[in-house]
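File shown: upload.tsv (TSV, C-alpha atoms).
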chain	number	residue	atom	x	y	z
D	1	MET	CA	-13.54	9.52	-33.70
D	2	GLU	CA	-11.75	9.96	-30.37
D	3	ALA	CA	-15.12	10.07	-28.59
D	4	GLU	CA	-16.04	6.80	-30.26
D	5	ARG	CA	-12.82	5.16	-29.08
D	6	ALA	CA	-13.46	6.42	-25.54
D	7	ALA	CA	-16.97	4.98	-25.61
D	8	ASP	CA	-15.59	1.67	-26.89
D	9	SER	CA	-13.14	1.50	-23.95
D	10	TRP	CA	-15.88	1.99	-21.37
D	11	GLU	CA	-18.18	-0.44	-23.16
D	12	ARG	CA	-15.48	-3.14	-23.15
D	13	VAL	CA	-15.02	-2.77	-19.39
D	14	ARG	CA	-18.80	-2.73	-18.90
D	15	ALA	CA	-19.25	-5.91	-20.93
D	16	ALA	CA	-16.56	-7.67	-18.86
D	17	LEU	CA	-18.21	-6.65	-15.57
D	18	LEU	CA	-21.57	-7.98	-16.74
D	19	ASP	CA	-20.23	-11.31	-18.06
D	20	SER	CA	-20.97	-13.71	-15.20
D	21	SER	CA	-19.09	-16.59	-16.87
D	22	ARG	CA	-15.84	-14.68	-17.57
D	23	LEU	CA	-15.36	-12.13	-14.80
D	24	LEU	CA	-12.99	-13.17	-12.04
D	25	ARG	CA	-12.58	-9.88	-10.22
D	26	ALA	CA	-12.63	-6.15	-10.93
D	27	VAL	CA	-11.46	-3.20	-8.84
D	28	GLY	CA	-12.28	0.47	-9.23
D	29	SER	CA	-10.05	2.92	-7.35
D	30	GLY	CA	-8.67	6.45	-7.33
D	31	ARG	CA	-10.78	9.38	-8.44
D	32	GLN	CA	-11.11	11.34	-11.63
D	33	ARG	CA	-10.39	15.03	-11.60
D	34	SER	CA	-13.31	16.96	-10.04
D	35	ALA	CA	-15.04	13.68	-9.10
D	36	ALA	CA	-15.85	12.50	-5.58
D	37	PRO	CA	-16.78	8.79	-5.44
D	38	GLN	CA	-18.64	7.83	-2.27
D	39	PHE	CA	-16.16	4.99	-1.57
D	40	HIS	CA	-12.40	5.03	-2.10
D	41	LYS	CA	-12.42	1.57	-3.70
D	42	VAL	CA	-14.96	-0.96	-5.02
D	43	GLU	CA	-14.47	-4.64	-5.83
D	44	VAL	CA	-16.78	-6.56	-8.16
D	45	ARG	CA	-17.11	-10.33	-8.63
D	46	TYR	CA	-19.76	-13.01	-9.03
D	47	VAL	CA	-20.77	-15.36	-6.19
D	48	ASP	CA	-22.91	-18.47	-6.16
D	49	VAL	CA	-25.58	-18.78	-3.47
D	50	LYS	CA	-28.65	-20.99	-3.11
D	51	ALA	CA	-30.68	-18.50	-5.12
D	52	GLY	CA	-28.19	-18.67	-8.00
D	53	ARG	CA	-25.30	-16.55	-9.28
D	54	LEU	CA	-25.25	-12.94	-8.06
D	55	LEU	CA	-23.08	-9.92	-8.77
D	56	GLN	CA	-21.32	-8.95	-5.53
D	57	ILE	CA	-20.12	-5.38	-5.00
D	58	THR	CA	-17.82	-4.69	-2.04
D	59	SER	CA	-17.39	-0.97	-1.35
D	60	TYR	CA	-14.61	0.21	0.95
D	61	ASP	CA	-14.68	3.39	3.02
D	62	GLU	CA	-12.01	4.42	5.50
D	63	THR	CA	-13.10	1.95	8.18
D	64	GLN	CA	-15.04	-0.96	6.73
D	65	ALA	CA	-16.32	-2.89	3.73
D	66	HIS	CA	-19.95	-2.72	2.59
D	67	ILE	CA	-21.20	-5.76	0.63
D	68	ARG	CA	-24.16	-5.79	-1.72
D	69	ASN	CA	-25.43	-8.63	-3.94
D	70	VAL	CA	-27.61	-8.00	-7.03
D	71	ARG	CA	-29.14	-10.26	-9.63
D	72	PRO	CA	-27.68	-10.44	-13.17
D	73	GLY	CA	-29.76	-8.70	-15.76
D	74	THR	CA	-31.40	-5.28	-15.53
D	75	GLU	CA	-30.51	-4.77	-11.85
D	76	ALA	CA	-26.83	-5.63	-12.41
D	77	GLU	CA	-26.68	-3.40	-15.51
D	78	SER	CA	-28.01	-0.47	-13.52
D	79	VAL	CA	-25.49	-1.01	-10.71
D	80	VAL	CA	-22.55	-1.43	-13.11
D	81	ASP	CA	-23.50	1.73	-15.00
D	82	ALA	CA	-23.60	3.62	-11.70
D	83	LEU	CA	-20.16	2.29	-10.71
D	84	LEU	CA	-18.60	3.23	-14.05
D	85	GLY	CA	-20.11	6.67	-13.75
D	86	ALA	CA	-19.06	7.21	-10.13
D	87	GLY	CA	-15.78	8.89	-11.06
D	88	TYR	CA	-13.17	6.21	-10.39
D	89	ALA	CA	-9.94	6.93	-12.24
D	90	ASN	CA	-8.72	3.34	-12.50
D	91	TRP	CA	-10.36	0.02	-13.30
D	92	HIS	CA	-8.44	-3.27	-13.09
D	93	VAL	CA	-10.51	-6.13	-14.54
D	94	GLU	CA	-9.44	-9.79	-14.55
D	95	THR	CA	-11.39	-12.26	-16.66
D	96	THR	CA	-10.78	-15.86	-17.62
D	97	ASP	CA	-9.08	-14.87	-20.88
D	98	GLU	CA	-7.72	-11.32	-20.49
D	99	THR	CA	-6.80	-8.50	-18.13
D	100	LEU	CA	-8.13	-4.99	-18.75
D	101	GLN	CA	-6.62	-1.90	-17.16
D	102	LEU	CA	-8.46	1.35	-17.79
D	103	ARG	CA	-6.99	4.64	-16.55
D	104	VAL	CA	-8.67	8.03	-16.92
D	105	THR	CA	-6.25	10.88	-17.63
D	106	LYS	CA	-6.41	14.32	-16.02
D	107	LYS	CA	-8.22	15.51	-19.15
D	108	GLY	CA	-10.86	12.83	-18.69
D	109	ARG	CA	-9.71	10.56	-21.52
D	110	PRO	CA	-9.87	6.80	-20.84
D	111	LEU	CA	-6.74	4.81	-21.73
D	112	LEU	CA	-7.37	1.08	-22.01
D	113	HIS	CA	-4.66	-1.59	-21.90
D	114	ALA	CA	-5.74	-5.15	-22.66
D	115	THR	CA	-3.56	-8.22	-22.33
D	116	ALA	CA	-4.84	-11.59	-23.47
D	117	GLY	CA	-4.49	-14.61	-21.24
D	118	THR	CA	-2.82	-12.83	-18.32
D	119	ALA	CA	-5.27	-13.51	-15.51
D	120	PRO	CA	-3.04	-14.71	-12.64
D	121	ALA	CA	-2.70	-18.46	-12.41
D	122	THR	CA	-3.42	-18.21	-8.69
D	123	ALA	CA	-6.53	-16.04	-9.12
D	124	ASP	CA	-9.36	-16.97	-6.79
D	125	VAL	CA	-11.91	-18.37	-9.26
D	126	SER	CA	-14.10	-19.75	-6.50
D	127	ARG	CA	-17.55	-18.17	-6.51
D	128	THR	CA	-18.39	-19.43	-3.05
D	129	HIS	CA	-20.16	-16.68	-1.13
D	130	ASP	CA	-18.40	-17.35	2.18
D	131	ARG	CA	-14.97	-18.09	0.81
D	132	ALA	CA	-12.08	-18.79	3.12
D	133	LYS	CA	-9.58	-16.05	3.82
D	134	ARG	CA	-6.89	-15.64	1.20
D	135	ARG	CA	-3.86	-17.57	2.36
D	136	ARG	CA	-0.71	-15.58	2.97
D	137	LEU	CA	2.52	-17.61	3.00
D	138	VAL	CA	2.35	-21.14	4.32
D	139	ALA	CA	4.98	-22.31	6.80
D	140	GLY	CA	6.24	-24.77	4.20
D	141	ASP	CA	7.31	-22.00	1.84
D	142	PRO	CA	11.04	-22.47	1.11
D	143	LEU	CA	11.70	-18.87	2.15
D	144	PHE	CA	11.08	-19.63	5.82
D	145	ALA	CA	13.54	-22.53	5.81
D	146	LEU	CA	16.22	-20.34	4.23
D	147	LEU	CA	15.61	-17.68	6.88
D	148	GLY	CA	15.92	-20.26	9.65
D	149	MET	CA	12.32	-19.79	10.78
D	150	THR	CA	11.14	-23.35	10.18
D	151	THR	CA	12.44	-26.89	10.65
D	152	ARG	CA	13.13	-29.30	7.80
D	153	ASP	CA	9.55	-30.58	7.95
D	154	GLY	CA	8.11	-27.07	7.65
D	155	ALA	CA	7.18	-26.49	11.29
D	156	VAL	CA	7.72	-23.00	12.72
D	157	LYS	CA	10.46	-22.99	15.35
D	158	PRO	CA	9.15	-21.92	18.78
D	159	SER	CA	11.79	-19.21	19.00
D	160	ARG	CA	10.68	-17.77	15.66
D	161	THR	CA	6.92	-17.82	16.18
D	162	ALA	CA	6.74	-14.06	16.75
D	163	LYS	CA	8.65	-13.36	13.52
D	164	PHE	CA	6.43	-15.74	11.57
D	165	ARG	CA	3.32	-14.04	12.96
D	166	GLN	CA	4.76	-10.65	12.10
D	167	VAL	CA	5.21	-11.72	8.48
D	168	GLN	CA	1.61	-12.94	8.22
D	169	ASP	CA	0.22	-9.79	9.83
D	170	LEU	CA	2.25	-7.54	7.55
D	171	LEU	CA	0.96	-9.36	4.47
D	172	ALA	CA	-2.60	-9.07	5.77
D	173	ALA	CA	-2.13	-5.31	6.19
D	174	LEU	CA	-0.52	-5.03	2.75
D	175	ASP	CA	-3.17	-7.02	0.89
D	176	PRO	CA	-5.88	-4.30	0.63
D	177	LEU	CA	-3.36	-1.92	-0.95
D	178	VAL	CA	-2.07	-4.20	-3.69
D	179	ASP	CA	-4.77	-3.22	-6.18
D	180	ASP	CA	-3.98	0.46	-5.57
D	181	ALA	CA	-0.30	-0.21	-6.31
D	182	VAL	CA	-1.28	-1.90	-9.59
D	183	THR	CA	-3.94	0.52	-10.82
D	184	LEU	CA	-2.29	3.79	-9.73
D	185	GLY	CA	1.00	2.92	-11.43
D	186	PRO	CA	1.90	3.78	-15.04
D	187	GLY	CA	-1.14	1.93	-16.36
D	188	ALA	CA	0.60	-0.71	-18.49
D	189	ALA	CA	-0.59	-4.25	-17.89
D	190	LEU	CA	1.70	-6.35	-15.73
D	191	GLY	CA	3.81	-8.95	-17.49
D	192	PRO	CA	7.43	-9.77	-18.36
D	193	GLU	CA	8.01	-6.23	-19.67
D	194	ARG	CA	6.14	-4.41	-16.89
D	195	GLN	CA	6.55	-5.86	-13.42
D	196	LEU	CA	5.15	-4.44	-10.19
D	197	ARG	CA	8.08	-2.53	-8.71
D	198	LEU	CA	8.60	-2.89	-4.96
D	199	VAL	CA	11.30	-0.93	-3.12
D	200	ASP	CA	12.21	-1.58	0.53
D	201	LEU	CA	14.04	1.38	2.05
D	202	GLY	CA	16.17	0.26	4.99
D	203	CYS	CA	15.51	-3.43	4.35
D	204	GLY	CA	17.98	-4.86	6.92
D	205	ASN	CA	18.07	-8.64	6.65
D	206	ALA	CA	15.01	-8.42	4.39
D	207	TYR	CA	12.86	-11.22	5.74
D	208	LEU	CA	9.79	-9.00	5.31
D	209	THR	CA	11.06	-7.88	1.90
D	210	PHE	CA	11.30	-11.45	0.66
D	211	ALA	CA	7.94	-12.33	2.22
D	212	ALA	CA	6.25	-9.43	0.40
D	213	PHE	CA	7.87	-10.53	-2.87
D	214	ARG	CA	6.80	-14.16	-2.43
D	215	TYR	CA	3.26	-13.09	-1.58
D	216	LEU	CA	2.86	-10.67	-4.48
D	217	ASP	CA	4.58	-12.85	-7.06
D	218	ASP	CA	3.50	-16.34	-6.01
D	219	VAL	CA	0.23	-16.02	-4.07
D	220	ARG	CA	-1.25	-12.98	-5.83
D	221	GLY	CA	0.24	-13.95	-9.19
D	222	LEU	CA	1.59	-10.46	-9.95
D	223	PRO	CA	4.93	-10.32	-11.80
D	224	THR	CA	7.08	-8.42	-9.29
D	225	SER	CA	10.58	-7.04	-9.04
D	226	VAL	CA	12.23	-5.84	-5.83
D	227	VAL	CA	15.03	-3.48	-4.88
D	228	GLY	CA	16.15	-3.51	-1.26
D	229	ILE	CA	18.32	-0.70	0.10
D	230	ASP	CA	20.38	-0.80	3.27
D	231	VAL	CA	23.57	0.87	4.42
D	232	LYS	CA	25.12	-2.25	5.97
D	233	PRO	CA	27.43	-4.37	3.78
D	234	GLN	CA	26.69	-7.52	5.80
D	235	ALA	CA	22.98	-7.11	5.05
D	236	LEU	CA	23.78	-6.86	1.34
D	237	ALA	CA	25.77	-10.12	1.39
D	238	HIS	CA	23.12	-11.96	3.41
D	239	ASN	CA	20.23	-10.83	1.22
D	240	GLU	CA	21.96	-11.59	-2.05
D	241	GLY	CA	22.65	-15.10	-0.77
D	242	ILE	CA	18.96	-15.65	0.02
D	243	ALA	CA	17.95	-14.34	-3.42
D	244	GLN	CA	20.41	-16.71	-5.08
D	245	ALA	CA	19.12	-19.67	-3.04
D	246	LEU	CA	15.52	-18.86	-3.99
D	247	GLY	CA	16.51	-18.52	-7.65
D	248	VAL	CA	15.18	-14.97	-7.93
D	249	ALA	CA	18.41	-12.95	-8.00
D	250	ASP	CA	17.41	-11.54	-11.40
D	251	ARG	CA	14.28	-9.93	-9.92
D	252	VAL	CA	15.22	-9.34	-6.26
D	253	THR	CA	18.29	-7.13	-6.02
D	254	PHE	CA	19.94	-5.15	-3.24
D	255	VAL	CA	21.82	-1.86	-3.11
D	256	GLN	CA	24.17	-0.72	-0.38
D	257	GLY	CA	23.59	2.93	0.44
D	258	THR	CA	21.61	5.41	2.46
D	259	ILE	CA	17.87	5.78	2.08
D	260	GLY	CA	18.16	9.32	0.80
D	261	GLU	CA	20.98	8.82	-1.69
D	262	ALA	CA	20.87	5.25	-3.05
D	263	ALA	CA	19.98	5.15	-6.74
D	264	LEU	CA	16.69	3.61	-7.81
D	265	PRO	CA	16.58	2.12	-11.34
D	266	GLU	CA	12.89	2.99	-11.85
D	267	ALA	CA	10.10	4.76	-10.01
D	268	PRO	CA	8.47	2.32	-7.54
D	269	ASP	CA	4.81	1.28	-7.40
D	270	LEU	CA	5.08	0.29	-3.75
D	271	VAL	CA	7.54	1.41	-1.07
D	272	LEU	CA	8.12	-0.39	2.21
D	273	ALA	CA	9.94	1.18	5.15
D	274	LEU	CA	9.79	-1.32	7.97
D	275	HIS	CA	11.37	-0.54	11.33
D	276	ALA	CA	13.76	2.08	9.97
D	277	CYS	CA	15.16	3.72	13.09
D	278	ASP	CA	13.97	7.18	14.17
D	279	THR	CA	14.26	9.77	11.36
D	280	ALA	CA	15.27	7.11	8.82
D	281	THR	CA	11.52	6.53	8.52
D	282	ASP	CA	11.13	10.19	7.58
D	283	ASP	CA	13.89	9.85	4.98
D	284	ALA	CA	12.01	6.89	3.50
D	285	LEU	CA	8.64	8.66	3.46
D	286	ALA	CA	10.15	11.73	1.80
D	287	ARG	CA	11.94	9.60	-0.80
D	288	ALA	CA	8.70	7.78	-1.60
D	289	VAL	CA	6.66	10.98	-1.85
D	290	GLY	CA	9.31	12.59	-4.05
D	291	ALA	CA	9.07	9.61	-6.42
D	292	GLU	CA	5.26	9.99	-6.51
D	293	THR	CA	4.92	6.43	-5.24
D	294	PRO	CA	1.30	5.19	-5.44
D	295	VAL	CA	1.44	3.17	-2.19
D	296	ILE	CA	3.65	3.61	0.89
D	297	VAL	CA	3.72	1.23	3.86
D	298	ALA	CA	5.85	2.22	6.85
D	299	ALA	CA	6.32	0.66	10.28
D	300	PRO	CA	8.19	3.26	12.38
D	301	CYS	CA	10.72	2.04	14.89
D	302	CYS	CA	11.82	4.60	17.49
D	303	HIS	CA	10.95	8.27	17.92
D	304	HIS	CA	13.96	9.88	19.57
D	305	ASP	CA	13.84	13.11	17.57
D	306	ILE	CA	10.45	14.37	18.78
D	307	SER	CA	11.14	12.98	22.26
D	308	ARG	CA	14.31	15.10	22.41
D	309	GLN	CA	12.42	18.18	21.25
D	310	LEU	CA	9.74	17.64	23.88
D	311	SER	CA	12.38	17.45	26.60
D	312	ILE	CA	13.63	20.96	25.83
D	313	ALA	CA	10.48	22.67	24.54
D	314	SER	CA	7.98	24.55	26.65
D	315	THR	CA	5.16	22.08	27.19
D	316	PRO	CA	1.59	23.42	27.02
D	317	PRO	CA	0.56	23.81	30.68
D	318	PRO	CA	-2.11	21.07	30.94
D	319	TYR	CA	0.29	18.48	29.53
D	320	ARG	CA	3.19	19.04	31.93
D	321	LEU	CA	1.69	16.30	34.09
D	322	ILE	CA	2.53	13.95	31.22
D	323	THR	CA	5.93	15.17	30.06
D	324	ARG	CA	7.41	15.36	33.56
D	325	HIS	CA	7.62	11.54	33.48
D	326	GLY	CA	10.22	10.18	31.05
D	327	ILE	CA	8.34	7.04	30.06
D	328	LEU	CA	5.12	8.96	29.42
D	329	ARG	CA	6.99	11.61	27.44
D	330	GLU	CA	8.43	8.85	25.23
D	331	ARG	CA	5.01	7.36	24.61
D	332	LEU	CA	3.60	10.78	23.83
D	333	ALA	CA	6.48	11.31	21.39
D	334	ASP	CA	5.57	8.05	19.63
D	335	VAL	CA	1.97	9.16	19.12
D	336	LEU	CA	2.82	12.75	18.22
D	337	THR	CA	5.51	11.76	15.71
D	338	ASP	CA	3.29	9.36	13.79
D	339	ALA	CA	0.29	11.69	13.93
D	340	LEU	CA	2.39	14.45	12.36
D	341	ARG	CA	3.77	12.05	9.74
D	342	ALA	CA	0.24	11.00	8.79
D	343	ALA	CA	-0.87	14.65	8.60
D	344	LEU	CA	2.05	15.61	6.36
D	345	LEU	CA	1.31	12.73	4.01
D	346	ARG	CA	-2.29	13.95	3.75
D	347	LEU	CA	-1.03	17.44	2.96
D	348	ALA	CA	1.14	15.85	0.25
D	349	GLY	CA	-1.90	14.30	-1.47
D	350	TYR	CA	-2.17	10.86	0.14
D	351	ARG	CA	-5.03	9.01	1.78
D	352	VAL	CA	-3.60	7.76	5.08
D	353	ASP	CA	-4.50	5.38	7.86
D	354	VAL	CA	-2.49	4.26	10.88
D	355	ILE	CA	-3.24	0.78	12.21
D	356	GLU	CA	-1.87	-1.82	14.60
D	357	PHE	CA	-0.46	-4.49	12.31
D	358	VAL	CA	0.79	-7.01	14.87
D	359	ASP	CA	-0.14	-7.66	18.49
D	360	SER	CA	1.95	-5.70	20.97
D	361	GLN	CA	3.02	-8.93	22.69
D	362	HIS	CA	5.11	-9.70	19.60
D	363	THR	CA	6.65	-6.23	19.21
D	364	PRO	CA	5.97	-2.86	20.88
D	365	ARG	CA	6.74	-1.16	17.54
D	366	ASN	CA	3.48	-2.25	15.97
D	367	ALA	CA	2.04	0.85	14.32
D	368	LEU	CA	1.76	0.76	10.54
D	369	ILE	CA	1.30	3.85	8.36
D	370	ARG	CA	-0.46	3.05	5.07
D	371	ALA	CA	-0.67	5.78	2.44
D	372	VAL	CA	-2.24	5.74	-1.04
D	373	ARG	CA	-1.55	8.60	-3.42
D	374	THR	CA	-4.81	10.23	-4.53
D	375	ARG	CA	-3.53	13.71	-5.44
D	376	ALA	CA	-6.55	15.06	-3.54
D	377	ALA	CA	-5.93	18.49	-2.04
D	378	ALA	CA	-6.17	18.66	1.74
D	379	ASP	CA	-8.85	20.99	3.07
D	380	ASP	CA	-8.05	24.20	4.93
D	381	ALA	CA	-8.98	22.63	8.27
D	382	THR	CA	-6.26	19.99	7.89
D	383	TRP	CA	-3.63	22.60	7.06
D	384	ALA	CA	-4.71	24.70	10.04
D	385	ALA	CA	-4.77	21.73	12.43
D	386	TYR	CA	-1.24	20.73	11.46
D	387	ARG	CA	0.12	24.26	11.94
D	388	GLU	CA	-1.61	24.57	15.32
D	389	LEU	CA	-0.32	21.20	16.55
D	390	VAL	CA	3.35	21.88	15.79
D	391	ALA	CA	3.06	25.40	17.18
D	392	GLN	CA	1.42	24.24	20.40
D	393	TRP	CA	4.10	21.66	21.11
D	394	ALA	CA	6.96	23.77	19.68
D	395	VAL	CA	8.29	20.85	17.62
D	396	THR	CA	9.35	20.39	13.99
D	397	PRO	CA	8.90	16.84	12.68
D	398	ALA	CA	11.88	15.67	10.63
D	399	LEU	CA	9.58	14.88	7.72
D	400	GLU	CA	8.46	18.49	7.28
D	401	PRO	CA	11.69	20.05	5.92
D	402	LEU	CA	12.25	16.97	3.76
D	403	LEU	CA	8.84	17.34	2.12
D	404	ARG	CA	9.25	21.09	1.80
D	405	ARG	CA	12.23	20.42	-0.47
D	406	GLU	CA	10.28	17.85	-2.49
D	407	LEU	CA	7.00	19.79	-2.78
D	408	PRO	CA	7.18	23.55	-3.42
D	409	GLU	CA	3.42	23.90	-2.99
D	410	LEU	CA	3.61	22.40	0.51
D	411	ASP	CA	6.48	24.72	1.37
D	412	ALA	CA	4.43	27.70	0.22
D	413	ARG	CA	1.34	26.71	2.21
D	414	LEU	CA	3.24	26.07	5.45
D	415	GLY	CA	5.16	29.33	5.18
D	416	ALA	CA	8.16	30.29	7.30
Written as structure tokens, how would this file's structure read?
Amino acid sequence: MEAERAADSWERVRAALLDSSRLLRAVGSGRQRSAAPQFHKVEVRYVDVKAGRLLQITSYDETQAHIRNVRPGTEAESVVDALLGAGYANWHVETTDETLQLRVTKKGRPLLHATAGTAPATADVSRTHDRAKRRRLVAGDPLFALLGMTTRDGAVKPSRTAKFRQVQDLLAALDPLVDDAVTLGPGAALGPERQLRLVDLGCGNAYLTFAAFRYLDDVRGLPTSVVGIDVKPQALAHNEGIAQALGVADRVTFVQGTIGEAALPEAPDLVLALHACDTATDDALARAVGAETPVIVAAPCCHHDISRQLSIASTPPPYRLITRHGILRERLADVLTDALRAALLRLAGYRVDVIEFVDSQHTPRNALIRAVRTRAAADDATWAAYRELVAQWAVTPALEPLLRRELPELDARLGA
């Protein structure tokens, strides 16, 4: 009987993927235990071209998207069957009349949640093959006026152009991870009782926090709640005022406290840590990993800790030509710090990439660490490379002892 129910769950998802009149968009992500899908995520939708309606499959690897179009019918059925059998652990399917979320447990059992009539009102129902880029937040959004970034007529103030661009670039970098945050969460369909939970650790004046909320909730149509944490009382007062003015104080709340100690009401689906100074970024990453957060997005600010260690450590001989110059040592510390952070996140079971999310002319602190929790075990070569790198430079990244406390298995593998 249980096998029949499992087959029914897969068949319902299959039928939705093959229904060219109902399917809006479907995403397969994550991996089942002992499975190894070729791509880390696939997106399925129908597009209209001169030859008629086609099933479009966009497959994402670590660096690019691969697009394939197939005809409905036998060819599409074969492709869909291959996708469903590829070993993805999560399927999020939006149709014109329902949302399906299928999650495969560690024991291989599919759990299907179906919610009628919950396809986002802002879903992109256009089947144009060369569709325009998804809009982020338009300058006329009331948020920008409240933050003093635009004039009364919705024009971006010249002095705030860099900040406005930074918001748009952050949302562009966040967009590919949204589906992971949804599908790798608890599995319940989003709605009034189950909102996407966003936490911003070290939110400051929260202009990026509010922008992420507006984008997820309004543009992407995902019911979202936000908790922003910052140690400064003036930030708390400012942010609560903005939330009140936007009319979202019931879903966007703020807590005064440190990143490591402030209480979180529920485990987050998505954690932001944007421009938290020096080791505060490490505190945020450790807090997110400890909460088993599906998606982490961090924009490190300064890297004084590793820079200080480099100034007193014995530099490997070939590199003394670099570290003898203060400015070059600082730049090396930037790269080394974020490389070690990315490596530690991989060792903790995350898929990680580090990208430039805004042009350096707008801010020199423009690296963005994006991590998606896969639970995949790092290979021996990654463990060995990390140990060798910290030993060679005689440094200890602040994130390492924090994660050792959170993850006993990582502590055991790294040793004394």
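Distance check against Ala235 in chain D using only C-alpha atoms: of D:Val13, D:Leu264, D:Cys203, D:Val390, the minimum falls on D:Cys203.
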Point-to-point distance in Å for CA of Arg341 in chain D and CA of Gly257 in chain D
23.7 Å
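Here CA of Asp353 in chain D stands at a distance of 6.0 Å from CA of Ile369 in chain D.
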One decimal, in Å: what's the spacing between CA of Asp175 in chain D and CA of Leu216 in chain D?
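Separation between CA of Asp175 in chain D and CA of Leu216 in chain D: 8.9 Å.
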Nearest residue to Lys106 in chain D out of D:Val395, D:Ala35, D:Val335, D:Leu402, using all atoms listed in the file?
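For Lys106 in chain D, the nearest of the candidates is D:Ala35.
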Ranking D:Ala378, D:Ala65, D:Leu100, D:Leu310 by minimum distance to Ala26 in chain D and counting all atoms listed in the file, which one comes first?
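Between D:Ala378, D:Ala65, D:Leu100, D:Leu310, the residue approaching Ala26 in chain D most closely is D:Leu100.
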Got a sec: who's within 9 Å of Leu184 in chain D, counting all atoms listed in the file, leaving out chain neighbours fewer than 2 positions off, as a PyMOL selection string?
chain D and resi 29-30+89-90+103+179-182+186-187+269+293-295+372-374
Would you kindly return, as a short mmCIF file (atom, residue, chain, number, x, y, z; two decimals) with C-alpha atoms, keeping the file's coordinate frame, each protein, DNA or RNA residue with an atom no farther than 7 Å from any atom of range 275-283 of chain D, considering all atoms listed in the file and excluding same-chain residues fewer than 5 positions away?
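The resulting file, result-v7.cif, is shown below:
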data_model
loop_
_atom_site.label_atom_id
_atom_site.label_comp_id
_atom_site.auth_asym_id
_atom_site.auth_seq_id
_atom_site.Cartn_x
_atom_site.Cartn_y
_atom_site.Cartn_z
CA GLY D 202 16.17 0.26 4.99
CA ILE D 259 17.87 5.78 2.08
CA GLY D 260 18.16 9.32 0.80
CA ALA D 299 6.32 0.66 10.28
CA PRO D 300 8.19 3.26 12.38
CA CYS D 301 10.72 2.04 14.89
CA CYS D 302 11.82 4.60 17.49
CA HIS D 303 10.95 8.27 17.92
CA HIS D 304 13.96 9.88 19.57
CA ASP D 305 13.84 13.11 17.57
CA ALA D 398 11.88 15.67 10.63
CA LEU D 399 9.58 14.88 7.72
#
Using all atoms listed in the file, the shortest atom-to-atom distance to Thr382 in chain D among D:Ala155, D:Val354, D:Ile322, D:Ala348 belongs to D:Ala348
Do you know which residues are at most 10 Å from range 210-213 of chain D counting all atoms listed in the file, after dropping those on the same chain fewer than 4 positions away, and could you put them as a tab-separated table (two decimals) with C-alpha atoms, keeping the file's coordinate frame?
chain	number	residue	atom	x	y	z
D	136	ARG	CA	-0.71	-15.58	2.97
D	137	LEU	CA	2.52	-17.61	3.00
D	141	ASP	CA	7.31	-22.00	1.84
D	143	LEU	CA	11.70	-18.87	2.15
D	144	PHE	CA	11.08	-19.63	5.82
D	147	LEU	CA	15.61	-17.68	6.88
D	167	VAL	CA	5.21	-11.72	8.48
D	168	GLN	CA	1.61	-12.94	8.22
D	170	LEU	CA	2.25	-7.54	7.55
D	171	LEU	CA	0.96	-9.36	4.47
D	174	LEU	CA	-0.52	-5.03	2.75
D	175	ASP	CA	-3.17	-7.02	0.89
D	196	LEU	CA	5.15	-4.44	-10.19
D	197	ARG	CA	8.08	-2.53	-8.71
D	198	LEU	CA	8.60	-2.89	-4.96
D	200	ASP	CA	12.21	-1.58	0.53
D	203	CYS	CA	15.51	-3.43	4.35
D	205	ASN	CA	18.07	-8.64	6.65
D	206	ALA	CA	15.01	-8.42	4.39
D	217	ASP	CA	4.58	-12.85	-7.06
D	218	ASP	CA	3.50	-16.34	-6.01
D	219	VAL	CA	0.23	-16.02	-4.07
D	220	ARG	CA	-1.25	-12.98	-5.83
D	222	LEU	CA	1.59	-10.46	-9.95
D	223	PRO	CA	4.93	-10.32	-11.80
D	224	THR	CA	7.08	-8.42	-9.29
D	225	SER	CA	10.58	-7.04	-9.04
D	226	VAL	CA	12.23	-5.84	-5.83
D	228	GLY	CA	16.15	-3.51	-1.26
D	239	ASN	CA	20.23	-10.83	1.22
D	242	ILE	CA	18.96	-15.65	0.02
D	243	ALA	CA	17.95	-14.34	-3.42
D	246	LEU	CA	15.52	-18.86	-3.99
D	248	VAL	CA	15.18	-14.97	-7.93
D	251	ARG	CA	14.28	-9.93	-9.92
D	252	VAL	CA	15.22	-9.34	-6.26
D	272	LEU	CA	8.12	-0.39	2.21
Ranking D:Lys163, D:Thr95, D:His66, D:Gly85 by minimum distance to Ser20 in chain D and counting only C-alpha atoms, which one comes first?
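Among the listed residues, D:Thr95 lies closest to Ser20 in chain D.
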